[in-house]
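Structure data (compact mmCIF, C-alpha atoms and all ligand atoms) from upload.txt:
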# COMPACT_ATOMS: atom_id res chain seq x y z
CA MET A 683 -109.42 109.64 -92.27
CA VAL A 684 -110.14 107.04 -89.61
CA PHE A 685 -110.72 108.36 -86.11
CA GLN A 686 -109.76 106.14 -83.23
CA PRO A 687 -112.35 105.75 -80.48
CA ARG A 688 -111.98 108.24 -77.67
CA SER A 689 -111.14 105.65 -74.98
CA HIS A 690 -108.32 104.34 -77.17
CA ARG A 691 -106.85 107.81 -77.61
CA GLN A 692 -107.09 108.47 -73.88
CA GLY A 693 -105.25 105.24 -73.18
CA GLN A 694 -102.48 106.29 -75.56
CA ALA A 695 -102.29 109.71 -73.95
CA TRP A 696 -101.80 108.17 -70.50
CA LEU A 697 -99.10 105.90 -71.87
CA TRP A 698 -97.21 108.85 -73.33
CA LEU A 699 -97.62 110.75 -70.09
CA LEU A 700 -96.07 107.83 -68.20
CA VAL A 701 -93.15 107.62 -70.65
CA LEU A 702 -92.60 111.36 -70.28
CA LEU A 703 -92.73 111.14 -66.50
CA ALA A 704 -90.22 108.27 -66.51
CA LEU A 705 -87.89 110.38 -68.71
CA VAL A 706 -88.14 113.38 -66.38
CA VAL A 707 -87.59 111.28 -63.24
CA GLY A 708 -84.67 109.48 -64.92
CA ALA A 709 -83.05 112.75 -66.01
CA VAL A 710 -83.44 114.33 -62.56
CA TRP A 711 -82.01 111.21 -60.93
CA LEU A 712 -79.01 111.01 -63.28
CA PHE A 713 -78.10 114.69 -63.43
CA ALA A 714 -79.27 116.20 -60.15
CA ILE A 715 -79.04 113.31 -57.67
CA GLN A 716 -76.41 110.91 -59.04
CA ARG A 717 -74.50 113.75 -60.71
CA ARG A 718 -72.95 111.22 -63.04
CA TRP A 719 -72.42 113.66 -65.89
CA TRP A 720 -71.84 116.70 -63.76
CA PHE A 721 -68.70 118.80 -63.32
CA PRO A 722 -65.82 117.36 -61.31
CA PRO A 723 -65.68 118.83 -57.76
CA LEU A 724 -64.52 122.46 -57.81
CA ALA A 725 -60.82 122.92 -56.99
CA SER A 726 -60.11 126.64 -57.58
CA GLU A 727 -61.46 129.79 -55.93
CA GLN A 728 -62.27 131.57 -59.19
CA GLY A 729 -64.22 128.58 -60.49
CA ALA A 730 -67.09 129.34 -58.08
CA HIS A 731 -68.14 132.21 -60.39
CA ILE A 732 -68.45 129.83 -63.33
CA ASP A 733 -70.51 127.36 -61.31
CA ARG A 734 -72.81 130.14 -60.12
CA LEU A 735 -73.25 131.47 -63.64
CA PHE A 736 -73.90 127.98 -64.97
CA LEU A 737 -76.56 127.32 -62.32
CA ILE A 738 -78.31 130.64 -62.98
CA ILE A 739 -78.42 130.01 -66.73
CA LEU A 740 -79.50 126.39 -66.28
CA SER A 741 -82.25 127.33 -63.80
CA LEU A 742 -83.61 130.18 -65.93
CA THR A 743 -83.60 128.31 -69.22
CA GLY A 744 -84.70 125.05 -67.53
CA ALA A 745 -87.65 126.73 -65.79
CA THR A 746 -88.66 128.49 -69.02
CA PHE A 747 -88.49 125.22 -70.90
CA VAL A 748 -90.59 123.32 -68.34
CA LEU A 749 -93.15 126.14 -68.03
CA GLY A 750 -93.34 126.43 -71.82
CA GLN A 751 -94.01 122.71 -72.19
CA LEU A 752 -96.62 122.80 -69.41
CA ALA A 753 -98.35 125.76 -71.08
CA LEU A 754 -98.35 123.86 -74.37
CA ALA A 755 -99.85 120.79 -72.68
CA LEU A 756 -102.49 122.95 -70.98
CA LEU A 757 -103.48 124.57 -74.27
CA ILE A 758 -103.76 121.19 -75.95
CA PHE A 759 -105.84 119.94 -73.03
CA LEU A 760 -108.14 122.98 -73.08
CA PHE A 761 -108.52 123.53 -76.80
CA GLY A 762 -107.63 120.17 -78.33
CA ARG A 763 -110.10 118.20 -80.37
CA LYS A 764 -112.51 116.57 -77.96
CA GLY A 765 -114.57 114.41 -80.24
CA ALA A 766 -114.68 113.81 -83.95
CA GLU A 767 -115.17 117.48 -84.82
CA SER A 768 -112.42 119.22 -86.74
CA ALA A 769 -110.34 121.94 -85.12
CA HIS A 770 -111.32 125.59 -85.46
CA HIS A 771 -109.08 127.94 -87.26
CA LEU A 772 -108.33 130.96 -85.10
CA ARG A 773 -107.53 134.15 -86.88
CA GLU A 774 -104.39 135.72 -85.48
CA ARG A 775 -104.90 139.18 -84.08
CA ALA A 776 -102.01 141.42 -83.16
CA GLY A 777 -102.25 142.37 -79.50
CA TRP A 778 -101.34 140.98 -76.11
CA GLY A 779 -101.67 137.45 -77.44
CA THR A 780 -98.71 137.91 -79.74
CA LEU A 781 -96.86 140.41 -77.60
CA TRP A 782 -96.40 138.46 -74.38
CA PRO A 783 -94.30 135.60 -75.83
CA ILE A 784 -91.98 138.23 -77.29
CA LEU A 785 -91.81 140.02 -73.93
CA ILE A 786 -91.01 136.74 -72.14
CA GLY A 787 -88.29 136.02 -74.69
CA PHE A 788 -86.67 139.42 -74.26
CA GLY A 789 -87.06 139.22 -70.47
CA LEU A 790 -85.24 135.90 -70.42
CA ILE A 791 -82.45 137.11 -72.69
CA GLY A 792 -82.15 140.25 -70.54
CA ALA A 793 -81.91 138.27 -67.29
CA LEU A 794 -79.29 135.94 -68.77
CA GLU A 795 -77.26 138.81 -70.19
CA VAL A 796 -77.34 140.73 -66.90
CA SER A 797 -76.15 137.74 -64.85
CA ASP A 798 -73.58 136.98 -67.53
CA VAL A 799 -72.21 140.51 -67.50
CA VAL A 800 -72.32 140.98 -63.71
CA ILE A 801 -70.73 137.65 -62.74
CA GLY A 802 -68.68 137.25 -65.90
CA HIS A 803 -67.17 140.71 -65.66
CA GLU A 804 -66.16 140.14 -62.05
CA LEU A 805 -64.49 136.86 -62.99
CA TRP A 806 -62.82 138.41 -66.04
CA LYS A 807 -61.36 141.18 -63.89
CA GLN A 808 -59.95 138.58 -61.51
CA LEU A 809 -58.50 136.19 -64.06
CA TYR A 810 -56.92 138.79 -66.31
CA GLY A 811 -56.34 141.62 -63.85
CA PRO A 812 -53.02 142.21 -62.12
CA PRO A 813 -52.20 139.26 -59.85
CA PRO A 814 -51.48 139.80 -56.14
CA GLU A 815 -47.93 139.91 -54.82
CA ASP A 816 -46.08 136.69 -54.12
CA VAL A 817 -47.47 134.68 -56.99
CA PHE A 818 -46.17 131.34 -58.14
CA VAL A 819 -45.39 131.60 -61.85
CA VAL A 820 -45.36 128.78 -64.36
CA GLU A 821 -45.21 128.86 -68.14
CA VAL A 822 -47.20 126.44 -70.26
CA THR A 823 -46.34 126.11 -73.95
CA ALA A 824 -48.68 124.00 -76.01
CA GLN A 825 -47.56 122.05 -79.05
CA GLN A 826 -48.96 119.24 -81.15
CA PHE A 827 -49.63 117.21 -78.96
CA ALA A 828 -48.23 117.96 -75.54
CA TRP A 829 -47.85 120.60 -72.85
CA ASN A 830 -44.35 121.95 -72.18
CA VAL A 831 -44.22 123.23 -68.63
CA ARG A 832 -41.46 125.58 -67.48
CA TYR A 833 -40.60 126.78 -63.98
CA PRO A 834 -38.27 129.77 -63.55
CA GLY A 835 -36.01 127.95 -61.09
CA ARG A 836 -34.32 129.41 -58.00
CA ASP A 837 -33.66 132.84 -59.52
CA GLY A 838 -37.38 133.30 -60.19
CA LYS A 839 -36.62 134.40 -63.78
CA PHE A 840 -37.42 132.64 -67.02
CA GLY A 841 -34.57 132.46 -69.50
CA ARG A 842 -35.01 134.06 -72.93
CA THR A 843 -36.37 131.92 -75.73
CA ASN A 844 -35.77 132.10 -79.45
CA LEU A 845 -36.96 129.94 -82.32
CA ARG A 846 -33.35 129.56 -83.50
CA PHE A 847 -32.54 127.35 -80.52
CA VAL A 848 -35.46 124.95 -80.86
CA SER A 849 -34.29 121.34 -81.10
CA ASP A 850 -35.36 117.92 -79.84
CA GLY A 851 -33.46 118.48 -76.61
CA ASN A 852 -34.59 122.10 -76.34
CA PRO A 853 -38.27 122.13 -77.34
CA LEU A 854 -38.86 125.66 -76.07
CA GLY A 855 -35.81 127.16 -77.77
CA ILE A 856 -34.30 128.45 -74.55
CA ASP A 857 -31.28 130.68 -75.15
CA PRO A 858 -28.17 128.78 -73.93
CA GLU A 859 -26.31 132.08 -73.50
CA ASP A 860 -28.81 133.44 -71.00
CA SER A 861 -27.69 132.88 -67.42
CA ALA A 862 -31.29 133.11 -66.19
CA ALA A 863 -32.11 130.04 -68.26
CA ARG A 864 -29.74 127.61 -66.58
CA ASP A 865 -31.91 126.86 -63.57
CA ASP A 866 -35.21 126.77 -65.50
CA VAL A 867 -36.99 123.46 -65.14
CA VAL A 868 -38.78 122.11 -68.21
CA LEU A 869 -41.19 119.21 -67.98
CA LEU A 870 -43.70 117.53 -70.22
CA ASN A 871 -47.40 117.17 -69.40
CA GLU A 872 -46.79 117.60 -65.70
CA ILE A 873 -47.63 120.65 -63.61
CA HIS A 874 -47.24 121.05 -59.86
CA LEU A 875 -48.88 124.03 -58.15
CA PRO A 876 -49.02 125.26 -54.56
CA LEU A 877 -52.21 125.05 -52.54
CA HIS A 878 -53.95 128.30 -51.48
CA ARG A 879 -51.37 130.50 -53.20
CA PRO A 880 -52.07 132.71 -56.24
CA VAL A 881 -50.72 131.13 -59.39
CA VAL A 882 -49.92 132.84 -62.67
CA VAL A 883 -49.90 130.68 -65.77
CA ARG A 884 -48.36 132.13 -68.93
CA VAL A 885 -49.98 130.30 -71.81
CA ARG A 886 -48.21 130.07 -75.17
CA SER A 887 -48.27 127.88 -78.26
CA LYS A 888 -45.56 126.63 -80.59
CA ASP A 889 -47.69 125.73 -83.58
CA VAL A 890 -51.48 125.97 -83.81
CA ILE A 891 -54.20 127.21 -81.49
CA HIS A 892 -54.69 124.98 -78.45
CA SER A 893 -56.73 125.56 -75.33
CA PHE A 894 -55.38 124.99 -71.84
CA PHE A 895 -58.25 123.41 -69.94
CA ILE A 896 -58.45 122.31 -66.30
CA PRO A 897 -62.05 121.12 -65.80
CA ALA A 898 -61.81 120.95 -61.98
CA PHE A 899 -60.66 124.60 -61.97
CA ARG A 900 -63.32 125.70 -64.50
CA LEU A 901 -60.41 127.24 -66.35
CA LYS A 902 -60.03 127.36 -70.10
CA GLN A 903 -57.54 129.58 -71.88
CA ASP A 904 -56.69 129.54 -75.56
CA ALA A 905 -53.01 129.11 -76.38
CA VAL A 906 -52.42 131.27 -79.44
CA PRO A 907 -49.17 131.12 -81.43
CA GLY A 908 -47.31 134.42 -81.28
CA MET A 909 -49.07 135.51 -78.10
CA GLN A 910 -48.42 135.06 -74.43
CA THR A 911 -51.62 135.11 -72.40
CA GLN A 912 -51.41 135.50 -68.67
CA ILE A 913 -54.07 134.17 -66.35
CA TRP A 914 -54.08 133.86 -62.56
CA PHE A 915 -56.10 131.89 -60.02
CA ILE A 916 -55.86 130.22 -56.62
CA PRO A 917 -55.95 126.41 -56.28
CA LYS A 918 -58.06 125.55 -53.25
CA ARG A 919 -57.95 121.75 -53.12
CA ALA A 920 -54.98 119.43 -52.98
CA GLY A 921 -54.94 116.45 -55.30
CA GLU A 922 -54.43 115.42 -58.91
CA PHE A 923 -56.40 117.03 -61.69
CA GLU A 924 -56.64 116.40 -65.38
CA ILE A 925 -55.43 118.90 -67.97
CA ALA A 926 -56.97 118.67 -71.42
CA CYS A 927 -56.73 120.51 -74.71
CA ALA A 928 -60.09 122.11 -75.48
CA GLU A 929 -59.34 123.19 -79.03
CA LEU A 930 -59.34 120.67 -81.84
CA CYS A 931 -55.69 121.01 -82.84
CA GLY A 932 -54.94 118.04 -85.06
CA LEU A 933 -55.09 114.26 -85.27
CA GLY A 934 -53.50 113.75 -81.85
CA HIS A 935 -55.75 116.27 -80.10
CA TYR A 936 -57.37 113.53 -78.00
CA ARG A 937 -54.08 112.49 -76.40
CA MET A 938 -53.02 116.00 -75.43
CA ARG A 939 -53.47 115.27 -71.78
CA GLY A 940 -51.54 116.48 -68.78
CA MET A 941 -51.65 116.01 -65.04
CA LEU A 942 -51.82 118.78 -62.49
CA THR A 943 -50.79 118.13 -58.89
CA VAL A 944 -51.80 120.63 -56.23
CA GLU A 945 -49.85 120.24 -53.01
CA GLY A 946 -48.54 122.11 -49.99
CA GLU A 947 -45.74 124.62 -50.51
CA GLU A 948 -43.10 122.47 -48.81
CA SER A 949 -43.68 119.30 -50.77
CA LEU A 950 -43.81 121.39 -53.94
CA ARG A 951 -40.40 122.91 -53.14
CA ALA A 952 -39.00 119.44 -52.39
CA TRP A 953 -40.36 118.12 -55.67
CA LEU A 954 -38.92 121.06 -57.64
CA GLU A 955 -35.50 120.50 -56.03
CA GLN A 956 -35.50 116.96 -57.41
CA GLN A 957 -36.03 118.09 -61.00
CA VAL A 958 -33.03 118.44 -63.27
CA PRO A 959 -32.48 122.09 -64.24
CA PHE A 960 -32.51 122.77 -67.95
CA GLY A 961 -28.87 123.86 -67.91
CA GLU A 962 -27.77 120.39 -66.86
CA THR A 963 -29.72 118.68 -69.61
CA ILE A 964 -28.39 120.66 -72.56
CA TRP A 965 -24.97 122.13 -71.79
CU CU A 1001 -54.21 120.93 -78.59
Starting from the file, lay out its structure as structure tokens.
Ligand SMILES: [Cu+2]
Amino acid sequence: MVFQPRSHRQGQAWLWLLVLLALVVGAVWLFAIQRRWWFPPLASEQGAHIDRLFLIILSLTGATFVLGQLALALLIFLFGRKGAESAHHLRERAGWGTLWPILIGFGLIGALEVSDVVIGHELWKQLYGPPPEDVFVVEVTAQQFAWNVRYPGRDGKFGRTNLRFVSDGNPLGIDPEDSAARDDVVLLNEIHLPLHRPVVVRVRSKDVIHSFFIPAFRLKQDAVPGMQTQIWFIPKRAGEFEIACAELCGLGHYRMRGMLTVEGEESLRAWLEQQVPFGETIW
């Protein structure tokens, strides 16, 4: 084996150190300062829990990773081969030397689990617990590859649905005999929600499993055929937000995209008034 002269190896080491430093600075600049691949700005009240949890997990695992790498570098620096002599073989002895990495590992897992359970449980209770009074209700039914959105209309009641009535003009199979169904408003890939008011979304699916995902709300709920899942939250920023499907559901999964508009109560009412009730489209 040919050993390179020491000065040569030192030069290489400095070069690698510089490359590493450039990578770290670049990553910090891109992710922490530029925030180019970061989350979109938060737009729901409940989403703050997710952001907090994400930051805790990222900080804990990030710090452990950096400290681990630094410890590795230090050990190489202290005990690495200095000259041409070969490395010593150290016999492993059970004791603190082997115990402390295990303790650190369990400590980290414990800290992550505790924050996960404490924050996650609080969020879970909110999202799936009973919603407050005076909620705005909307039903979202996923299908390959679109979101059917239904509003209960003036009577505040959704009409019955049944598979028997499903047709091109009636994608949700709304029962034409049900008087509560006449004023329902059904739209495609378009949701309007009120600002600062609790919203209940009833998530359903017509075919396969989809996942109703609003990145700006940090909200992701599976749409499971045969089930109606209810979730509630409060939009806290007006604007337009993207809705995506977060469950690979078929060839057209990528184009299963919707638009959510959050606006003041009055403009939402005015917009709803303009929509054609389902009864007028089918009867
Ligand atoms: Cu889908």
CA of Leu854 in chain A to CA of Gly946 in chain A, distance in Å rounded to a single decimal: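 Between CA of Leu854 in chain A and CA of Gly946 in chain A the gap works out to 28.0 Å.
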Would you list the contacts of Ser797 in chain A as JSON, numbers by chain, taking every protein, DNA or RNA residue within 9 Å and counting only C-alpha atoms, but skipping same-chain residues closer than 5 positions in sequence? {"A": [735, 738, 739, 792, 802]}
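Straight-line separation from CA of Arg879 in chain A to CA of Pro813 in chain A: 11.0 Å.
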Just want the 6 Å neighbourhood of range 898-901 of chain A, counted on all atoms listed in the file, with same-chain residues fewer than 2 positions away dropped. Output as JSON, numbers by chain. {"A": [722, 724, 725, 726, 729, 895, 896]}
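Atom pair CA of Tyr936 in chain A / CA of Phe827 in chain A: separated by 8.6 Å.
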If you keep C-alpha atoms, can you output range 684-755 of chain A as a PDB file, in the first residue's frame?
ATOM      1  CA  VAL A 684       1.334   3.420  -0.947  1.00  0.00           C
ATOM      2  CA  PHE A 685       1.075   6.092   1.726  1.00  0.00           C
ATOM      3  CA  GLN A 686       0.681   9.659   0.588  1.00  0.00           C
ATOM      4  CA  PRO A 687       2.975  12.194   2.243  1.00  0.00           C
ATOM      5  CA  ARG A 688       1.481  13.827   5.296  1.00  0.00           C
ATOM      6  CA  SER A 689       1.361  17.354   3.816  1.00  0.00           C
ATOM      7  CA  HIS A 690      -0.602  16.005   0.846  1.00  0.00           C
ATOM      8  CA  ARG A 691      -3.143  14.325   3.104  1.00  0.00           C
ATOM      9  CA  GLN A 692      -3.511  17.478   5.181  1.00  0.00           C
ATOM     10  CA  GLY A 693      -4.158  19.489   2.029  1.00  0.00           C
ATOM     11  CA  GLN A 694      -6.881  17.030   1.021  1.00  0.00           C
ATOM     12  CA  ALA A 695      -8.414  17.193   4.482  1.00  0.00           C
ATOM     13  CA  TRP A 696      -8.653  20.993   4.305  1.00  0.00           C
ATOM     14  CA  LEU A 697     -10.235  20.764   0.878  1.00  0.00           C
ATOM     15  CA  TRP A 698     -12.901  18.365   2.153  1.00  0.00           C
ATOM     16  CA  LEU A 699     -13.491  20.587   5.149  1.00  0.00           C
ATOM     17  CA  LEU A 700     -14.092  23.545   2.825  1.00  0.00           C
ATOM     18  CA  VAL A 701     -16.501  21.520   0.665  1.00  0.00           C
ATOM     19  CA  LEU A 702     -18.370  20.434   3.789  1.00  0.00           C
ATOM     20  CA  LEU A 703     -18.527  23.990   5.085  1.00  0.00           C
ATOM     21  CA  ALA A 704     -19.858  25.229   1.740  1.00  0.00           C
ATOM     22  CA  LEU A 705     -22.555  22.517   1.855  1.00  0.00           C
ATOM     23  CA  VAL A 706     -23.599  23.471   5.386  1.00  0.00           C
ATOM     24  CA  VAL A 707     -23.679  27.203   4.603  1.00  0.00           C
ATOM     25  CA  GLY A 708     -25.603  26.519   1.376  1.00  0.00           C
ATOM     26  CA  ALA A 709     -28.157  24.326   3.159  1.00  0.00           C
ATOM     27  CA  VAL A 710     -28.682  26.862   5.962  1.00  0.00           C
ATOM     28  CA  TRP A 711     -29.067  29.659   3.410  1.00  0.00           C
ATOM     29  CA  LEU A 712     -31.560  27.729   1.260  1.00  0.00           C
ATOM     30  CA  PHE A 713     -33.689  26.205   4.005  1.00  0.00           C
ATOM     31  CA  ALA A 714     -33.450  28.571   6.968  1.00  0.00           C
ATOM     32  CA  ILE A 715     -32.880  31.987   5.369  1.00  0.00           C
ATOM     33  CA  GLN A 716     -34.352  31.807   1.864  1.00  0.00           C
ATOM     34  CA  ARG A 717     -36.977  29.270   2.949  1.00  0.00           C
ATOM     35  CA  ARG A 718     -37.303  28.197  -0.652  1.00  0.00           C
ATOM     36  CA  TRP A 719     -38.385  24.645   0.148  1.00  0.00           C
ATOM     37  CA  TRP A 720     -40.201  25.453   3.333  1.00  0.00           C
ATOM     38  CA  PHE A 721     -43.905  25.206   4.158  1.00  0.00           C
ATOM     39  CA  PRO A 722     -46.275  27.768   2.665  1.00  0.00           C
ATOM     40  CA  PRO A 723     -47.252  30.459   5.222  1.00  0.00           C
ATOM     41  CA  LEU A 724     -49.607  29.068   7.868  1.00  0.00           C
ATOM     42  CA  ALA A 725     -53.292  29.831   7.243  1.00  0.00           C
ATOM     43  CA  SER A 726     -55.204  27.884   9.928  1.00  0.00           C
ATOM     44  CA  GLU A 727     -55.215  28.101  13.718  1.00  0.00           C
ATOM     45  CA  GLN A 728     -54.776  24.366  14.283  1.00  0.00           C
ATOM     46  CA  GLY A 729     -51.781  24.229  11.946  1.00  0.00           C
ATOM     47  CA  ALA A 730     -49.614  25.998  14.549  1.00  0.00           C
ATOM     48  CA  HIS A 731     -49.417  22.704  16.487  1.00  0.00           C
ATOM     49  CA  ILE A 732     -48.017  20.906  13.455  1.00  0.00           C
ATOM     50  CA  ASP A 733     -45.421  23.620  12.862  1.00  0.00           C
ATOM     51  CA  ARG A 734     -44.370  23.511  16.512  1.00  0.00           C
ATOM     52  CA  LEU A 735     -44.091  19.730  16.461  1.00  0.00           C
ATOM     53  CA  PHE A 736     -42.127  19.831  13.212  1.00  0.00           C
ATOM     54  CA  LEU A 737     -39.676  22.388  14.623  1.00  0.00           C
ATOM     55  CA  ILE A 738     -39.156  20.392  17.832  1.00  0.00           C
ATOM     56  CA  ILE A 739     -38.468  17.181  15.898  1.00  0.00           C
ATOM     57  CA  LEU A 740     -36.232  18.951  13.378  1.00  0.00           C
ATOM     58  CA  SER A 741     -34.237  20.719  16.124  1.00  0.00           C
ATOM     59  CA  LEU A 742     -33.775  17.576  18.226  1.00  0.00           C
ATOM     60  CA  THR A 743     -32.811  15.281  15.367  1.00  0.00           C
ATOM     61  CA  GLY A 744     -30.798  18.041  13.644  1.00  0.00           C
ATOM     62  CA  ALA A 745     -28.808  18.839  16.796  1.00  0.00           C
ATOM     63  CA  THR A 746     -28.186  15.129  17.431  1.00  0.00           C
ATOM     64  CA  PHE A 747     -27.008  14.681  13.860  1.00  0.00           C
ATOM     65  CA  VAL A 748     -24.628  17.664  13.981  1.00  0.00           C
ATOM     66  CA  LEU A 749     -23.264  16.717  17.427  1.00  0.00           C
ATOM     67  CA  GLY A 750     -22.834  13.111  16.292  1.00  0.00           C
ATOM     68  CA  GLN A 751     -20.860  14.187  13.227  1.00  0.00           C
ATOM     69  CA  LEU A 752     -18.730  16.563  15.301  1.00  0.00           C
ATOM     70  CA  ALA A 753     -18.004  13.778  17.808  1.00  0.00           C
ATOM     71  CA  LEU A 754     -17.015  11.501  14.940  1.00  0.00           C
ATOM     72  CA  ALA A 755     -14.698  14.172  13.514  1.00  0.00           C
TER      73      ALA A 755
END
